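Peer 1: run18.txt is the file, holding compact mmCIF, C-alpha atoms:
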# COMPACT_ATOMS: atom_id res chain seq x y z
CA MET A 923 -23.54 -11.33 41.98
CA LYS A 924 -21.26 -8.70 40.44
CA SER A 925 -21.05 -5.26 42.00
CA ALA A 926 -21.85 -2.19 39.92
CA ALA A 927 -18.15 -1.47 39.46
CA GLU A 928 -17.60 -4.99 38.11
CA THR A 929 -20.55 -4.84 35.73
CA ARG A 930 -19.64 -3.54 32.28
CA ILE A 931 -22.46 -2.06 30.25
CA VAL A 932 -22.58 -0.94 26.63
CA PHE A 933 -25.07 1.88 26.01
CA LEU A 934 -25.95 2.43 22.35
CA GLY A 935 -27.87 5.62 21.61
CA THR A 936 -27.15 8.71 23.71
CA GLY A 937 -29.72 11.13 22.38
CA LEU A 938 -32.37 13.11 24.22
CA MET A 939 -33.31 10.19 26.49
CA GLY A 940 -30.25 7.97 26.27
CA LYS A 941 -27.75 10.53 27.55
CA PRO A 942 -29.37 11.12 30.97
CA MET A 943 -30.07 7.39 31.29
CA ALA A 944 -26.39 6.60 30.70
CA ARG A 945 -25.46 9.29 33.25
CA ARG A 946 -27.62 7.53 35.85
CA LEU A 947 -25.71 4.29 35.27
CA LEU A 948 -22.36 6.06 35.52
CA ALA A 949 -23.41 7.82 38.72
CA ALA A 950 -24.34 4.44 40.20
CA GLY A 951 -20.79 3.20 39.62
CA TYR A 952 -21.26 1.05 36.52
CA SER A 953 -18.54 0.84 33.90
CA VAL A 954 -20.25 2.17 30.78
CA THR A 955 -19.05 2.31 27.18
CA VAL A 956 -21.23 4.51 24.98
CA TRP A 957 -21.82 5.00 21.27
CA ASN A 958 -24.06 7.29 19.29
CA ARG A 959 -24.46 7.69 15.54
CA THR A 960 -23.62 11.39 16.04
CA TYR A 961 -20.31 11.10 17.88
CA ALA A 962 -20.58 14.52 19.53
CA LYS A 963 -23.67 13.41 21.45
CA ALA A 964 -21.70 10.57 23.04
CA VAL A 965 -18.35 12.23 23.70
CA THR A 966 -19.84 14.65 26.26
CA LEU A 967 -20.36 11.63 28.55
CA GLU A 968 -16.57 11.24 28.92
CA GLN A 969 -16.63 13.88 31.66
CA HIS A 970 -18.99 11.63 33.61
CA GLY A 971 -16.66 8.65 33.34
CA ALA A 972 -17.90 6.92 30.20
CA LYS A 973 -15.70 5.32 27.58
CA VAL A 974 -16.66 6.39 24.06
CA ALA A 975 -16.49 4.20 20.96
CA ALA A 976 -16.58 5.23 17.31
CA THR A 977 -18.90 2.40 16.25
CA ALA A 978 -21.42 0.11 17.95
CA PRO A 979 -19.35 -3.07 17.38
CA GLU A 980 -16.28 -1.28 18.76
CA ALA A 981 -18.25 -0.34 21.88
CA VAL A 982 -19.04 -4.01 22.50
CA GLN A 983 -15.46 -5.09 21.80
CA GLN A 984 -13.93 -2.38 24.01
CA SER A 985 -16.27 -3.09 26.90
CA GLY A 986 -16.13 -6.86 26.82
CA GLY A 987 -19.32 -6.72 28.86
CA GLY A 988 -22.33 -8.89 28.33
CA VAL A 989 -25.06 -6.31 29.01
CA ILE A 990 -25.95 -4.12 26.03
CA ILE A 991 -28.60 -1.41 26.21
CA THR A 992 -30.07 0.16 23.08
CA MET A 993 -32.01 3.45 23.13
CA LEU A 994 -32.59 4.28 19.48
CA GLU A 995 -35.07 6.08 17.25
CA ASP A 996 -37.16 3.17 15.99
CA GLY A 997 -37.31 -0.55 15.37
CA ASN A 998 -35.38 -0.38 12.11
CA ALA A 999 -32.50 1.40 13.83
CA VAL A 1000 -32.49 -1.16 16.66
CA ALA A 1001 -32.51 -4.09 14.22
CA GLU A 1002 -29.64 -2.56 12.21
CA VAL A 1003 -27.50 -1.96 15.29
CA VAL A 1004 -28.20 -5.39 16.80
CA GLN A 1005 -27.24 -7.01 13.49
CA SER A 1006 -23.98 -5.04 13.46
CA ILE A 1007 -22.95 -6.07 16.97
CA LEU A 1008 -23.93 -9.76 16.79
CA PRO A 1009 -20.45 -10.97 15.80
CA ALA A 1010 -18.89 -9.02 18.69
CA LEU A 1011 -21.27 -10.12 21.46
CA PRO A 1012 -19.69 -12.22 24.23
CA ALA A 1013 -21.36 -15.60 24.75
CA GLY A 1014 -24.59 -15.39 26.72
CA SER A 1015 -25.00 -11.62 26.43
CA VAL A 1016 -28.19 -9.84 27.44
CA VAL A 1017 -29.48 -7.16 25.08
CA ILE A 1018 -31.92 -4.73 26.66
CA ASP A 1019 -33.80 -2.61 24.16
CA MET A 1020 -35.29 0.46 25.86
CA SER A 1021 -36.47 2.08 22.62
CA SER A 1022 -40.14 2.26 21.64
CA ILE A 1023 -40.64 -0.14 18.75
CA GLN A 1024 -43.30 -2.47 17.36
CA GLN A 1025 -44.13 -5.55 19.39
CA ALA A 1026 -43.51 -7.69 16.30
CA GLN A 1027 -40.03 -6.17 15.96
CA ALA A 1028 -39.25 -6.95 19.61
CA LEU A 1029 -40.30 -10.57 19.12
CA ALA A 1030 -38.12 -10.81 16.02
CA LEU A 1031 -35.12 -9.46 17.95
CA HIS A 1032 -35.76 -11.98 20.74
CA ALA A 1033 -35.82 -14.85 18.24
CA GLN A 1034 -32.66 -13.62 16.49
CA LEU A 1035 -30.66 -13.21 19.68
CA GLN A 1036 -31.91 -16.48 21.14
CA ALA A 1037 -30.78 -18.29 18.00
CA HIS A 1038 -27.24 -16.99 18.66
CA GLY A 1039 -27.26 -17.96 22.34
CA HIS A 1040 -28.08 -14.53 23.76
CA GLN A 1041 -30.96 -13.18 25.85
CA PHE A 1042 -33.32 -10.30 25.11
CA VAL A 1043 -35.30 -7.88 27.26
CA ASP A 1044 -37.65 -5.31 25.77
CA ALA A 1045 -37.86 -2.54 28.37
CA PRO A 1046 -39.35 0.66 26.93
CA VAL A 1047 -39.76 3.62 29.23
CA SER A 1048 -42.17 6.42 30.06
CA GLY A 1049 -41.45 9.65 31.86
CA GLY A 1050 -39.66 11.76 29.28
CA VAL A 1051 -36.40 13.62 29.74
CA ILE A 1052 -37.46 14.78 33.21
CA GLY A 1053 -37.88 11.19 34.33
CA ALA A 1054 -34.64 10.11 32.67
CA GLU A 1055 -32.68 12.82 34.47
CA ALA A 1056 -34.29 12.06 37.83
CA GLY A 1057 -34.04 8.28 37.49
CA THR A 1058 -37.81 7.90 37.90
CA LEU A 1059 -38.74 6.39 34.53
CA ALA A 1060 -41.51 3.84 34.41
CA ILE A 1061 -39.81 0.82 32.85
CA MET A 1062 -42.03 -1.89 31.36
CA ALA A 1063 -40.01 -5.06 30.89
CA GLY A 1064 -40.79 -8.08 28.77
CA ALA A 1065 -38.48 -11.03 29.45
CA GLU A 1066 -38.17 -14.50 30.83
CA MET A 1067 -38.18 -14.24 34.64
CA ALA A 1068 -34.62 -15.52 35.08
CA VAL A 1069 -33.29 -13.03 32.53
CA TYR A 1070 -35.22 -10.16 34.11
CA GLN A 1071 -33.76 -10.97 37.51
CA GLN A 1072 -30.26 -10.69 36.03
CA VAL A 1073 -30.80 -7.09 34.93
CA GLU A 1074 -33.41 -5.76 37.37
CA ALA A 1075 -30.83 -3.88 39.46
CA ILE A 1076 -29.43 -2.19 36.35
CA LEU A 1077 -32.90 -1.11 35.26
CA ALA A 1078 -33.69 0.14 38.79
CA THR A 1079 -30.81 2.63 38.46
CA MET A 1080 -32.79 4.40 35.72
CA GLY A 1081 -36.28 4.16 37.15
CA LYS A 1082 -38.96 1.82 38.41
CA PRO A 1083 -38.88 -1.45 36.46
CA LEU A 1084 -41.70 -3.96 36.41
CA ARG A 1085 -41.81 -7.21 34.46
CA VAL A 1086 -45.13 -7.36 32.62
CA GLY A 1087 -44.69 -10.73 30.92
CA GLY A 1088 -42.48 -12.53 28.43
CA PRO A 1089 -40.48 -11.07 25.54
CA GLY A 1090 -42.51 -8.55 23.52
CA THR A 1091 -44.91 -7.61 26.32
CA GLY A 1092 -42.81 -4.65 27.41
CA GLN A 1093 -43.51 -3.01 24.07
CA LEU A 1094 -47.19 -3.84 24.35
CA ALA A 1095 -47.33 -2.18 27.78
CA LYS A 1096 -45.54 0.90 26.40
CA LEU A 1097 -48.07 1.13 23.59
CA CYS A 1098 -50.86 1.05 26.18
CA ASN A 1099 -49.04 3.86 27.99
CA GLN A 1100 -48.68 5.93 24.83
CA LEU A 1101 -52.30 5.35 23.92
CA ILE A 1102 -53.31 6.95 27.24
CA VAL A 1103 -50.70 9.72 26.97
CA GLY A 1104 -51.55 10.68 23.39
CA GLY A 1105 -55.29 10.62 24.02
CA THR A 1106 -55.09 12.55 27.27
CA ILE A 1107 -52.84 15.27 25.83
CA ASN A 1108 -55.46 15.91 23.17
CA ILE A 1109 -58.29 15.95 25.70
CA VAL A 1110 -56.41 18.43 27.91
CA ALA A 1111 -55.87 20.66 24.87
CA GLU A 1112 -59.59 20.52 24.06
CA ALA A 1113 -60.57 21.30 27.67
CA LEU A 1114 -58.29 24.33 27.91
CA LEU A 1115 -59.32 25.71 24.54
CA LEU A 1116 -62.98 25.23 25.43
CA ALA A 1117 -62.44 27.10 28.70
CA GLN A 1118 -60.81 30.00 26.84
CA ALA A 1119 -63.38 30.11 24.03
CA GLY A 1120 -66.26 29.95 26.50
CA GLY A 1121 -65.04 32.93 28.51
CA ALA A 1122 -63.37 31.27 31.50
CA ASP A 1123 -59.78 31.71 32.65
CA PRO A 1124 -58.12 28.51 31.34
CA ALA A 1125 -55.35 28.65 33.96
CA ALA A 1126 -57.94 28.89 36.72
CA VAL A 1127 -59.97 26.06 35.17
CA ARG A 1128 -56.88 23.85 35.09
CA GLN A 1129 -56.20 24.65 38.74
CA ALA A 1130 -59.84 23.94 39.69
CA LEU A 1131 -59.70 20.55 37.96
CA ARG A 1132 -56.55 19.50 39.79
CA GLY A 1133 -57.30 17.36 42.81
CA GLY A 1134 -60.51 16.02 41.29
CA PHE A 1135 -61.05 12.99 39.07
CA ALA A 1136 -59.58 14.88 36.09
CA GLU A 1137 -56.20 15.29 37.80
CA SER A 1138 -53.29 13.67 36.01
CA ARG A 1139 -49.61 14.15 35.40
CA ILE A 1140 -50.53 15.24 31.88
CA LEU A 1141 -52.90 17.94 33.13
CA GLU A 1142 -50.14 19.07 35.47
CA VAL A 1143 -47.17 19.10 33.07
CA HIS A 1144 -48.58 19.34 29.56
CA GLY A 1145 -51.47 21.54 30.64
CA GLN A 1146 -48.95 24.08 31.92
CA ARG A 1147 -46.88 23.79 28.74
CA MET A 1148 -49.98 24.59 26.71
CA LEU A 1149 -50.81 27.60 28.90
CA ASP A 1150 -47.21 28.80 28.56
CA ARG A 1151 -47.22 27.85 24.85
CA THR A 1152 -43.79 26.29 25.39
CA PHE A 1153 -43.32 23.32 23.08
CA MET A 1154 -39.62 22.57 23.47
CA PRO A 1155 -39.36 18.80 23.30
CA GLY A 1156 -39.65 16.41 26.17
CA GLY A 1157 -41.41 13.75 24.15
CA GLN A 1158 -41.37 14.73 20.47
CA VAL A 1159 -44.26 14.78 18.02
CA LYS A 1160 -42.38 12.42 15.70
CA SER A 1161 -41.99 9.87 18.51
CA GLN A 1162 -45.63 10.12 19.56
CA ALA A 1163 -46.74 9.78 15.94
CA LYS A 1164 -44.62 6.64 15.56
CA ASP A 1165 -46.09 5.21 18.76
CA MET A 1166 -49.66 5.90 17.63
CA GLU A 1167 -49.04 4.03 14.39
CA ASN A 1168 -47.53 1.12 16.32
CA ILE A 1169 -50.59 1.04 18.60
CA LEU A 1170 -52.83 0.69 15.57
CA LEU A 1171 -50.64 -2.13 14.24
CA ALA A 1172 -50.81 -3.93 17.59
CA ALA A 1173 -54.59 -3.50 17.64
CA GLN A 1174 -54.81 -4.93 14.13
CA ASP A 1175 -52.71 -7.92 15.22
CA ALA A 1176 -54.97 -8.39 18.25
CA GLY A 1177 -58.12 -8.15 16.12
CA ILE A 1178 -59.62 -5.09 17.82
CA SER A 1179 -60.70 -1.59 16.74
CA LEU A 1180 -59.54 1.50 18.66
CA PRO A 1181 -61.64 4.43 17.37
CA VAL A 1182 -60.30 7.13 19.70
CA THR A 1183 -56.70 6.10 19.00
CA SER A 1184 -57.41 6.38 15.28
CA LEU A 1185 -58.52 10.00 15.74
CA VAL A 1186 -55.50 10.86 17.88
CA SER A 1187 -53.21 9.28 15.28
CA GLU A 1188 -54.63 11.66 12.65
CA VAL A 1189 -53.72 14.63 14.86
CA TYR A 1190 -50.09 13.55 15.16
CA ARG A 1191 -49.85 12.69 11.47
CA SER A 1192 -50.84 16.27 10.66
CA LEU A 1193 -48.28 17.68 13.13
CA LEU A 1194 -45.50 15.64 11.51
CA LEU A 1195 -45.78 17.94 8.50
CA THR A 1196 -45.27 21.14 10.49
CA HIS A 1197 -43.75 20.47 13.93
CA PRO A 1198 -42.08 17.02 14.00
CA HIS A 1199 -39.54 17.99 16.69
CA ALA A 1200 -41.93 19.89 18.98
CA ASP A 1201 -43.13 18.47 22.27
CA HIS A 1202 -46.18 16.24 21.85
CA SER A 1203 -48.24 18.82 23.78
CA ALA A 1204 -48.17 20.68 20.43
CA ALA A 1205 -51.40 18.76 19.82
CA LEU A 1206 -52.85 22.10 20.95
CA LEU A 1207 -51.56 23.67 17.73
CA ALA A 1208 -53.34 21.08 15.62
CA LEU A 1209 -56.55 21.74 17.56
CA GLU A 1210 -56.25 25.49 17.03
CA GLU A 1211 -55.70 24.86 13.32
CA ARG A 1212 -59.11 23.19 13.28
CA ASN A 1213 -60.64 26.18 15.06
CA PRO A 1214 -59.62 29.32 13.12
CA GLY A 1215 -59.55 32.42 15.29
CA LYS A 1216 -59.46 30.46 18.55
CA ARG A 1217 -56.21 30.45 20.51
CA LEU A 1218 -55.16 29.59 24.05
CA GLY A 1219 -53.62 32.68 25.62
CA GLU A 1220 -51.67 35.48 23.97
CA GLN A 1221 -48.07 34.44 24.54
CA PRO A 1222 -45.88 33.67 21.51
CA ASP A 1223 -45.13 30.03 20.76
CA VAL A 1224 -41.78 28.66 21.89
CA LEU A 1225 -40.80 25.95 19.41
CA PRO A 1226 -37.58 24.11 18.52
CA GLU A 1227 -35.77 25.42 15.46
Show me this structure written as structure tokens.
Peer 2:
Amino acid sequence: MKSAAETRIVFLGTGLMGKPMARRLLAAGYSVTVWNRTYAKAVTLEQHGAKVAATAPEAVQQSGGGVIITMLEDGNAVAEVVQSILPALPAGSVVIDMSSIQQAQALALHAQLQAHGHQFVDAPVSGGVIGAEAGTLAIMAGAEMAVYQQVEAILATMGKPLRVGGPGTGQLAKLCNQLIVGGTINIVAEALLLAQAGGADPAAVRQALRGGFAESRILEVHGQRMLDRTFMPGGQVKSQAKDMENILLAAQDAGISLPVTSLVSEVYRSLLLTHPHADHSAALLALEERNPGKRLGEQPDVLPE
């Protein structure tokens, strides 16, 4: 088995999540070549030891490595980049897509890469920028067992990987995660606004709920963001909205109806028009829009420009 120093990785997509994930790999001693559509977002990783390429195919060619990680905006972007690097991939490469895309798109990528003699792992993540920086991301991997075992140590550098099934199931698990996240964020917003409107101290109510059955990471982190009215992005509205639509597509493919998810999807669709780059806890703003004159706290909103 190759050591970290001997393992060459190509990391394509060094945005909000990709940059700290690539830093984790570099800190672990891996040789990493990076690329990002906006060059300036990739070049800052040079100081951490990364090699920077001007294009995705050049990154693969310069590295010569057979492990390629993509962390891109959506399935269309992943498909475009994978298509561009196919001619440059060394024989028997493993492509690990850590983006959040449709399950059908992941299966199509698996089939395409397999047809060219390469392997595919769909390994979307949960935990936001905080988790990416700390190396504590939940990583849901869909892959053949032998392929997963090849890359498990690499994934473990960025978080806590778990194989959930064959190719495509990683994306399905991530959609289940986002279903719970999106729904719970909205419920926390409703609980805090109800506490305020009913005459209670919403901060005290949140604290009282913690430790009971209502405790969750979302109540802890996003509940505080709502109280502080700080909506600088961890997970963005546009990403959550995309995930909600993908959940509905997966449900349609599975032949089931998800009524609560449908309602939550409407909330994020409305926020796309006004606050696409805000943190997804901005669901509070959509709730307040539905309740004129009702507002959580008196602090001014902190929003991305």
Peer 1: Need the neighbours of (-39.6, 18.2, 15.4): which residues are at most 8 Å away, counting only C-alpha atoms, as a PyMOL selection string?
Peer 2: chain A and resi 1155+1158-1160+1194+1197-1201+1226
Peer 1: Which neighbours of Leu1185 in chain A fall inside 10 Å, counting only C-alpha atoms, when residues of the same chain fewer than 5 positions from it are skipped, and could you give them as an MDAnalysis selection string?
Peer 2: chainID A and resid 1105 1108 1166 1180 1190
Peer 1: Calculated over all atoms listed in the file, which of the candidates A:Asp1223, A:Glu980, A:Glu1211, A:Asp996 has the smallest distance to Leu1008 in chain A?
Peer 2: A:Glu980
Peer 1: Could you tell me how far CA of Ala1045 in chain A lies from CA of Ile1061 in chain A, in Å and to one decimal?
Peer 2: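 Here the two named atoms are 5.9 Å from each other.
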Peer 1: Rounded to one decimal place, report the CA of Gln1034 in chain A-CA of Ala1065 in chain A distance in Å.
Peer 2: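 It comes out at 14.4 Å.
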Peer 1: How many Å lie between CA of Gly988 in chain A and CA of Gln1025 in chain A, rounded to one decimal?
Peer 2: 23.8 Å
Peer 1: Leaving out Leu1031 in chain A and any residue of its chain fewer than 6 positions from it, which residues lie within 10 Å of it when counting all atoms listed in the file, given as a ChimeraX atom specification?
Peer 2: /A:997,1000-1001,1004-1005,1017,1019,1025,1037,1041-1044,1089-1090
Peer 1: For a quick check of understanding, using only C-alpha atoms, which of A:Thr929, A:Pro1222, A:Ser1161, A:Pro1009 has the smallest distance to Ala1075 in chain A?
Peer 2: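 The answer is A:Thr929, which sits nearest to Ala1075 in chain A.
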Peer 1: Determine, for each residue of range 991-1068 of chain A having at least one atom at most 8 Å from an atom of range 940-949 of chain A, the closest pair of atoms and their separation in Å to one decimal, counting only C-alpha atoms; order by chain and ascending number, as CSV.
Peer 2:
residue,atom,partner,partner_atom,distance
A:Met993,CA,A:Gly940,CA,5.8
A:Val1051,CA,A:Pro942,CA,7.6
A:Ala1054,CA,A:Met943,CA,5.5
A:Glu1055,CA,A:Pro942,CA,5.1
A:Gly1057,CA,A:Arg946,CA,6.7
Peer 1: Please report as JSON lines every residue of range 1047-1125 of chain A lying within 8 Å of range 1129-1153 of chain A, along with the nearest atom pair and their distance in Å (one decimal), using all atoms listed in the file.
Peer 2:
{"residue": "A:Val1103", "atom": "CA", "partner": "A:Ile1140", "partner_atom": "CA", "distance": 7.4}
{"residue": "A:Thr1106", "atom": "CA", "partner": "A:Ile1140", "partner_atom": "CA", "distance": 7.0}
{"residue": "A:Ile1107", "atom": "CA", "partner": "A:Ile1140", "partner_atom": "CA", "distance": 6.5}
{"residue": "A:Val1110", "atom": "CA", "partner": "A:Leu1141", "partner_atom": "CA", "distance": 6.3}
{"residue": "A:Ala1111", "atom": "CA", "partner": "A:Gly1145", "partner_atom": "CA", "distance": 7.3}
{"residue": "A:Leu1114", "atom": "CA", "partner": "A:Gly1145", "partner_atom": "CA", "distance": 7.9}
{"residue": "A:Pro1124", "atom": "CA", "partner": "A:Leu1149", "partner_atom": "CA", "distance": 7.8}
{"residue": "A:Ala1125", "atom": "CA", "partner": "A:Gln1129", "partner_atom": "CA", "distance": 6.3}
Peer 1: For the point (-47.9, 7.3, 28.1) in the file's frame, write as a PyMOL selection string all residues with an atom no more than 10 Å away, counting all atoms listed in the file.
Peer 2: chain A and resi 1047-1050+1060+1095-1107+1140+1157+1162+1165
Peer 1: Counting only C-alpha atoms, figure out which residue out of A:Val954, A:Ala1063, A:Ala1163, A:Ala1172 gets nearest to Ser1187 in chain A.
Peer 2: A:Ala1163
Peer 1: Could you list, as a ChimeraX atom specification, every residue within 9 Å of Gly1053 in chain A, counting all atoms listed in the file and ignoring same-chain residues fewer than 6 positions away?
Peer 2: /A:1059-1060,1080-1081
Peer 1: My structure is short of atoms at range 1204-1224 of chain A; please model N, CA and C atoms there, returning them as a PDB file, in the coordinates of the input.
Peer 2:
ATOM      1  N   ALA A1204     -47.826  19.848  21.596  1.00  0.00           N
ATOM      2  CA  ALA A1204     -48.170  20.680  20.430  1.00  0.00           C
ATOM      3  C   ALA A1204     -49.440  20.199  19.755  1.00  0.00           C
ATOM      4  N   ALA A1205     -50.055  19.139  20.274  1.00  0.00           N
ATOM      5  CA  ALA A1205     -51.400  18.760  19.820  1.00  0.00           C
ATOM      6  C   ALA A1205     -52.342  19.955  19.916  1.00  0.00           C
ATOM      7  N   LEU A1206     -52.059  20.869  20.839  1.00  0.00           N
ATOM      8  CA  LEU A1206     -52.850  22.100  20.950  1.00  0.00           C
ATOM      9  C   LEU A1206     -52.826  22.881  19.640  1.00  0.00           C
ATOM     10  N   LEU A1207     -51.677  22.915  18.974  1.00  0.00           N
ATOM     11  CA  LEU A1207     -51.560  23.670  17.730  1.00  0.00           C
ATOM     12  C   LEU A1207     -52.426  23.068  16.633  1.00  0.00           C
ATOM     13  N   ALA A1208     -52.488  21.738  16.597  1.00  0.00           N
ATOM     14  CA  ALA A1208     -53.340  21.080  15.620  1.00  0.00           C
ATOM     15  C   ALA A1208     -54.808  21.370  15.909  1.00  0.00           C
ATOM     16  N   LEU A1209     -55.165  21.425  17.177  1.00  0.00           N
ATOM     17  CA  LEU A1209     -56.550  21.740  17.560  1.00  0.00           C
ATOM     18  C   LEU A1209     -56.907  23.169  17.172  1.00  0.00           C
ATOM     19  N   GLU A1210     -55.993  24.092  17.399  1.00  0.00           N
ATOM     20  CA  GLU A1210     -56.250  25.490  17.030  1.00  0.00           C
ATOM     21  C   GLU A1210     -56.361  25.647  15.520  1.00  0.00           C
ATOM     22  N   GLU A1211     -55.616  24.838  14.777  1.00  0.00           N
ATOM     23  CA  GLU A1211     -55.700  24.860  13.320  1.00  0.00           C
ATOM     24  C   GLU A1211     -57.106  24.483  12.859  1.00  0.00           C
ATOM     25  N   ARG A1212     -57.739  23.612  13.606  1.00  0.00           N
ATOM     26  CA  ARG A1212     -59.110  23.190  13.280  1.00  0.00           C
ATOM     27  C   ARG A1212     -60.159  24.223  13.708  1.00  0.00           C
ATOM     28  N   ASN A1213     -59.715  25.177  14.530  1.00  0.00           N
ATOM     29  CA  ASN A1213     -60.640  26.180  15.060  1.00  0.00           C
ATOM     30  C   ASN A1213     -60.095  27.574  14.765  1.00  0.00           C
ATOM     31  N   PRO A1214     -60.181  28.021  13.510  1.00  0.00           N
ATOM     32  CA  PRO A1214     -59.620  29.320  13.120  1.00  0.00           C
ATOM     33  C   PRO A1214     -60.130  30.451  14.017  1.00  0.00           C
ATOM     34  N   GLY A1215     -59.190  31.286  14.452  1.00  0.00           N
ATOM     35  CA  GLY A1215     -59.550  32.420  15.290  1.00  0.00           C
ATOM     36  C   GLY A1215     -59.592  32.108  16.766  1.00  0.00           C
ATOM     37  N   LYS A1216     -59.452  30.845  17.138  1.00  0.00           N
ATOM     38  CA  LYS A1216     -59.460  30.460  18.550  1.00  0.00           C
ATOM     39  C   LYS A1216     -58.044  30.084  18.960  1.00  0.00           C
ATOM     40  N   ARG A1217     -57.595  30.673  20.078  1.00  0.00           N
ATOM     41  CA  ARG A1217     -56.210  30.450  20.510  1.00  0.00           C
ATOM     42  C   ARG A1217     -56.144  30.483  22.024  1.00  0.00           C
ATOM     43  N   LEU A1218     -55.331  29.623  22.599  1.00  0.00           N
ATOM     44  CA  LEU A1218     -55.160  29.590  24.050  1.00  0.00           C
ATOM     45  C   LEU A1218     -54.120  30.632  24.453  1.00  0.00           C
ATOM     46  N   GLY A1219     -54.543  31.662  25.152  1.00  0.00           N
ATOM     47  CA  GLY A1219     -53.620  32.680  25.620  1.00  0.00           C
ATOM     48  C   GLY A1219     -53.097  33.570  24.520  1.00  0.00           C
ATOM     49  N   GLU A1220     -52.213  34.493  24.916  1.00  0.00           N
ATOM     50  CA  GLU A1220     -51.670  35.480  23.970  1.00  0.00           C
ATOM     51  C   GLU A1220     -50.151  35.414  23.861  1.00  0.00           C
ATOM     52  N   GLN A1221     -49.529  34.510  24.588  1.00  0.00           N
ATOM     53  CA  GLN A1221     -48.070  34.440  24.540  1.00  0.00           C
ATOM     54  C   GLN A1221     -47.612  33.870  23.205  1.00  0.00           C
ATOM     55  N   PRO A1222     -46.414  34.253  22.746  1.00  0.00           N
ATOM     56  CA  PRO A1222     -45.880  33.670  21.510  1.00  0.00           C
ATOM     57  C   PRO A1222     -45.476  32.209  21.734  1.00  0.00           C
ATOM     58  N   ASP A1223     -45.528  31.438  20.669  1.00  0.00           N
ATOM     59  CA  ASP A1223     -45.130  30.030  20.760  1.00  0.00           C
ATOM     60  C   ASP A1223     -43.613  29.919  20.908  1.00  0.00           C
ATOM     61  N   VAL A1224     -43.199  29.001  21.762  1.00  0.00           N
ATOM     62  CA  VAL A1224     -41.780  28.660  21.890  1.00  0.00           C
ATOM     63  C   VAL A1224     -41.621  27.267  21.297  1.00  0.00           C
TER      64      VAL A1224
END
